[in-house]
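Here's data28.pdb, which has PDB, C-alpha atoms:
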```
MODEL        1
ATOM      1  CA  MET A   1     103.884 108.240  78.469
ATOM      2  CA  GLY A   2     102.213 107.529  81.776
ATOM      3  CA  LEU A   3     102.380 105.583  84.979
ATOM      4  CA  ASP A   4     102.434 101.775  84.800
ATOM      5  CA  HIS A   5     102.318 100.864  88.486
ATOM      6  CA  VAL A   6     102.959 101.889  92.049
ATOM      7  CA  GLN A   7     104.676  99.466  94.384
ATOM      8  CA  LEU A   8     103.849  99.262  98.064
ATOM      9  CA  ALA A   9     106.072  97.257 100.366
ATOM     10  CA  ALA A  10     104.713  94.654 102.755
ATOM     11  CA  PRO A  11     106.135  92.032 105.120
ATOM     12  CA  VAL A  12     106.917  88.438 104.249
ATOM     13  CA  GLY A  13     103.727  86.371 104.118
ATOM     14  CA  CYS A  14     101.519  89.337 103.170
ATOM     15  CA  GLU A  15      99.830  87.861 100.123
ATOM     16  CA  GLU A  16      96.538  86.606 101.576
ATOM     17  CA  GLU A  17      95.959  89.787 103.591
ATOM     18  CA  ALA A  18      96.778  91.871 100.490
ATOM     19  CA  ARG A  19      94.265  89.840  98.471
ATOM     20  CA  ARG A  20      91.613  90.374 101.145
ATOM     21  CA  PHE A  21      92.192  94.144 101.357
ATOM     22  CA  PHE A  22      92.982  95.197  97.783
ATOM     23  CA  GLY A  23      91.028  92.426  96.053
ATOM     24  CA  SER A  24      87.981  91.565  98.160
ATOM     25  CA  LEU A  25      87.515  94.832 100.057
ATOM     26  CA  LEU A  26      88.547  97.407  97.421
ATOM     27  CA  GLY A  27      87.477  95.330  94.424
ATOM     28  CA  MET A  28      90.748  95.355  92.473
ATOM     29  CA  ALA A  29      91.343  92.404  90.169
ATOM     30  CA  GLU A  30      94.474  90.395  90.830
ATOM     31  CA  VAL A  31      97.020  90.323  87.998
ATOM     32  CA  GLU A  32      99.065  87.171  87.608
ATOM     33  CA  LYS A  33     102.737  87.866  88.172
ATOM     34  CA  PRO A  34     105.246  86.608  85.601
ATOM     35  CA  GLU A  35     106.507  83.151  86.535
ATOM     36  CA  LYS A  36     110.083  84.304  87.214
ATOM     37  CA  LEU A  37     108.850  86.943  89.689
ATOM     38  CA  ARG A  38     106.507  84.706  91.703
ATOM     39  CA  VAL A  39     109.353  83.345  93.856
ATOM     40  CA  ARG A  40     109.857  86.861  95.266
ATOM     41  CA  GLY A  41     106.403  86.827  96.842
ATOM     42  CA  GLY A  42     103.928  89.671  96.757
ATOM     43  CA  VAL A  43     100.844  90.180  94.616
ATOM     44  CA  TRP A  44      99.745  92.569  91.856
ATOM     45  CA  PHE A  45      96.366  94.261  91.306
ATOM     46  CA  GLN A  46      94.799  96.190  88.438
ATOM     47  CA  CYS A  47      93.683  99.704  89.364
ATOM     48  CA  GLY A  48      92.156 101.460  86.369
ATOM     49  CA  ALA A  49      94.809 101.649  83.639
ATOM     50  CA  GLN A  50      97.573 101.202  86.228
ATOM     51  CA  MET A  51      98.570  98.511  88.666
ATOM     52  CA  ILE A  52      99.377  98.318  92.353
ATOM     53  CA  HIS A  53     102.228  95.939  93.135
ATOM     54  CA  ILE A  54     102.512  94.674  96.690
ATOM     55  CA  GLY A  55     106.163  93.693  97.051
ATOM     56  CA  VAL A  56     107.708  91.700  99.869
ATOM     57  CA  GLU A  57     110.450  93.424 101.840
ATOM     58  CA  SER A  58     112.240  91.412 104.538
ATOM     59  CA  SER A  59     113.062  94.508 106.613
ATOM     60  CA  PHE A  60     109.625  96.048 106.028
ATOM     61  CA  THR A  61     108.719  99.459 107.429
ATOM     62  CA  PRO A  62     105.375 100.988 106.361
ATOM     63  CA  ALA A  63     105.332 104.193 104.297
ATOM     64  CA  LYS A  64     103.666 106.806 106.497
ATOM     65  CA  LYS A  65     104.096 109.844 104.189
ATOM     66  CA  ALA A  66     104.680 108.547 100.647
ATOM     67  CA  HIS A  67     101.466 107.097  99.243
ATOM     68  CA  PRO A  68      99.387 106.370  96.167
ATOM     69  CA  ALA A  69      96.252 108.468  95.682
ATOM     70  CA  PHE A  70      93.295 106.585  94.226
ATOM     71  CA  LEU A  71      90.790 108.580  92.188
ATOM     72  CA  VAL A  72      87.345 107.106  92.896
ATOM     73  CA  ARG A  73      83.649 107.578  92.206
ATOM     74  CA  ASN A  74      81.036 107.520  94.987
ATOM     75  CA  ILE A  75      83.545 108.273  97.733
ATOM     76  CA  GLU A  76      80.810 108.481 100.372
ATOM     77  CA  GLN A  77      79.781 104.921  99.520
ATOM     78  CA  LEU A  78      83.425 103.814  99.752
ATOM     79  CA  MET A  79      83.788 105.452 103.174
ATOM     80  CA  GLN A  80      80.691 103.631 104.411
ATOM     81  CA  HIS A  81      81.996 100.344 102.979
ATOM     82  CA  LEU A  82      85.294 100.817 104.815
ATOM     83  CA  LYS A  83      83.487 101.697 108.060
ATOM     84  CA  ASP A  84      81.345  98.580 107.703
ATOM     85  CA  ASN A  85      84.554  96.564 107.419
ATOM     86  CA  ASP A  86      86.300  98.196 110.386
ATOM     87  CA  VAL A  87      88.821 100.154 108.303
ATOM     88  CA  SER A  88      89.497 103.522 109.895
ATOM     89  CA  PHE A  89      90.274 106.651 107.895
ATOM     90  CA  ARG A  90      90.710 110.378 108.288
ATOM     91  CA  VAL A  91      88.777 112.844 106.106
ATOM     92  CA  ASP A  92      90.778 115.839 104.871
ATOM     93  CA  ASP A  93      89.221 118.965 103.336
ATOM     94  CA  ASP A  94      92.387 120.997 102.736
ATOM     95  CA  ILE A  95      92.085 121.015  98.923
ATOM     96  CA  PRO A  96      89.085 122.905  97.503
ATOM     97  CA  GLY A  97      87.011 120.921  95.001
ATOM     98  CA  ILE A  98      88.244 117.534  96.209
ATOM     99  CA  ILE A  99      86.684 115.148  98.703
ATOM    100  CA  ARG A 100      89.445 112.985 100.107
ATOM    101  CA  PHE A 101      90.440 110.765 102.968
ATOM    102  CA  PHE A 102      93.480 108.879 104.175
ATOM    103  CA  ALA A 103      93.559 105.268 105.342
ATOM    104  CA  GLU A 104      96.162 102.580 105.834
ATOM    105  CA  ASP A 105      96.490  99.228 104.150
ATOM    106  CA  PRO A 106      96.753  96.189 106.466
ATOM    107  CA  PHE A 107     100.526  96.711 106.627
ATOM    108  CA  GLY A 108     100.393 100.352 107.747
ATOM    109  CA  ASN A 109     101.134 102.005 104.389
ATOM    110  CA  ARG A 110      99.361 105.331 103.854
ATOM    111  CA  LEU A 111      96.673 105.409 101.147
ATOM    112  CA  GLU A 112      94.728 108.390  99.824
ATOM    113  CA  PHE A 113      91.302 108.163  98.197
ATOM    114  CA  MET A 114      89.880 111.178  96.390
ATOM    115  CA  GLU A 115      86.907 112.289  94.302
ATOM    116  CA  LEU A 116      86.660 115.506  92.333
ATOM    117  CA  GLN A 117      83.557 117.544  93.204
TER
ENDMDL
END
```

Encoded form using structure tokens:
Amino acid sequence: MGLDHVQLAAPVGCEEEARRFFGSLLGMAEVEKPEKLRVRGGVWFQCGAQMIHIGVESSFTPAKKAHPAFLVRNIEQLMQHLKDNDVSFRVDDDIPGIIRFFAEDPFGNRLEFMELQ
């Protein structure tokens, strides 16, 4: 039927930094977690029809290969916005017809952003 959410792991105490990056910087709206799940920590965000869940993992190691790929509009504007906020990224032109780049969230997880040409 479709994809509901992608979960990214993060260290204990990650919530405010996740809100700054995914909420304030990338503009994703926070989704209130169900009451029974709040004690686990983490934070959820709406991303189009899907969600991104930032889940707390006590023995956290960032995902360097596995990653979500965000389909965006105005990718050049997004790249400039990230530059202006000191977020580094690497442009990749290996797939014809797609403008894309890779960045990391504040916890070191790989993220891909792409726009169809």

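If all atoms listed in the file are the atoms counted, then among A:Val56, A:Leu25, A:Val72, A:Val31 the closest residue to A:Asp84 is A:Leu25.
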
Select all residues near (92.6, 112.6, 108.2) (cut-off 9 Å, inclusive, file coordinates), counting all atoms listed in the file, and output them as a JSON list (two decimals) with C-alpha atoms, in the coordinates of the input.
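That gives us out-v1.json:
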```
[["chain", "number", "residue", "atom", "x", "y", "z"],
["A", 89, "PHE", "CA", 90.27, 106.65, 107.90],
["A", 90, "ARG", "CA", 90.71, 110.38, 108.29],
["A", 91, "VAL", "CA", 88.78, 112.84, 106.11],
["A", 92, "ASP", "CA", 90.78, 115.84, 104.87],
["A", 93, "ASP", "CA", 89.22, 118.96, 103.34],
["A", 100, "ARG", "CA", 89.44, 112.98, 100.11],
["A", 101, "PHE", "CA", 90.44, 110.76, 102.97],
["A", 102, "PHE", "CA", 93.48, 108.88, 104.18],
["A", 103, "ALA", "CA", 93.56, 105.27, 105.34]]
```

(request) Please work out which residues fall within 9 Å of (92.1, 102.2, 87.2), coordinates as given in the file, with all atoms listed in the file counting, and return them as a PyMOL selection string. (result) chain A and resi 28+46-51+70-72

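If you apply the PyMOL selection byres ((chain A and resi 87) around 10) to this structure, you end up with Phe21, Leu25, Met79, Gln80, His81, Leu82, Lys83, Asp84, Asn85, Asp86, Ser88, Phe89, Ala103, Glu104, Asp105 and Pro106 of chain A.
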
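Here the PyMOL selection byres ((chain A and resi 6) around 12) catches exactly these residues: Gly2, Leu3, Asp4, His5, Gln7, Leu8, Ala9, Trp44, Phe45, Gln46, Cys47, Ala49, Gln50, Met51, Ile52, His53, Ile54, Gly55, Ala66, His67, Pro68, Ala69, Phe70 and Leu111 of chain A.
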
(request) Measure the distance from atom CA of A:Ile99 to atom CA of A:Ser24 in Å and round it to one decimal. (result) 23.6 Å

(request) Go ahead and compute the interatomic distance for atom CA of A:Ile98 and atom CA of A:Ile75, in Å to one decimal. (result) 10.5 Å

Listed atoms of stretch 44-50 of chain A, axis-aligned box, 3 Å per side: centre and edge lengths to one decimal in Å, as JSON?
```
{"center_x": 96.0, "center_y": 97.1, "center_z": 87.7, "size_x": 13.6, "size_y": 15.1, "size_z": 14.2}
```

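Atom to atom, atom CA of A:Ala63 and atom CA of A:Val39 stand 23.7 Å apart.
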
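Near A:Ser58, within 12 Å and counting only C-alpha atoms, sit Ala9, Ala10, Pro11, Val12, Gly13, Cys14, Arg40, Gly41, Gly42 and Pro62 of chain A, not including residues fewer than 4 positions from it in the same chain.
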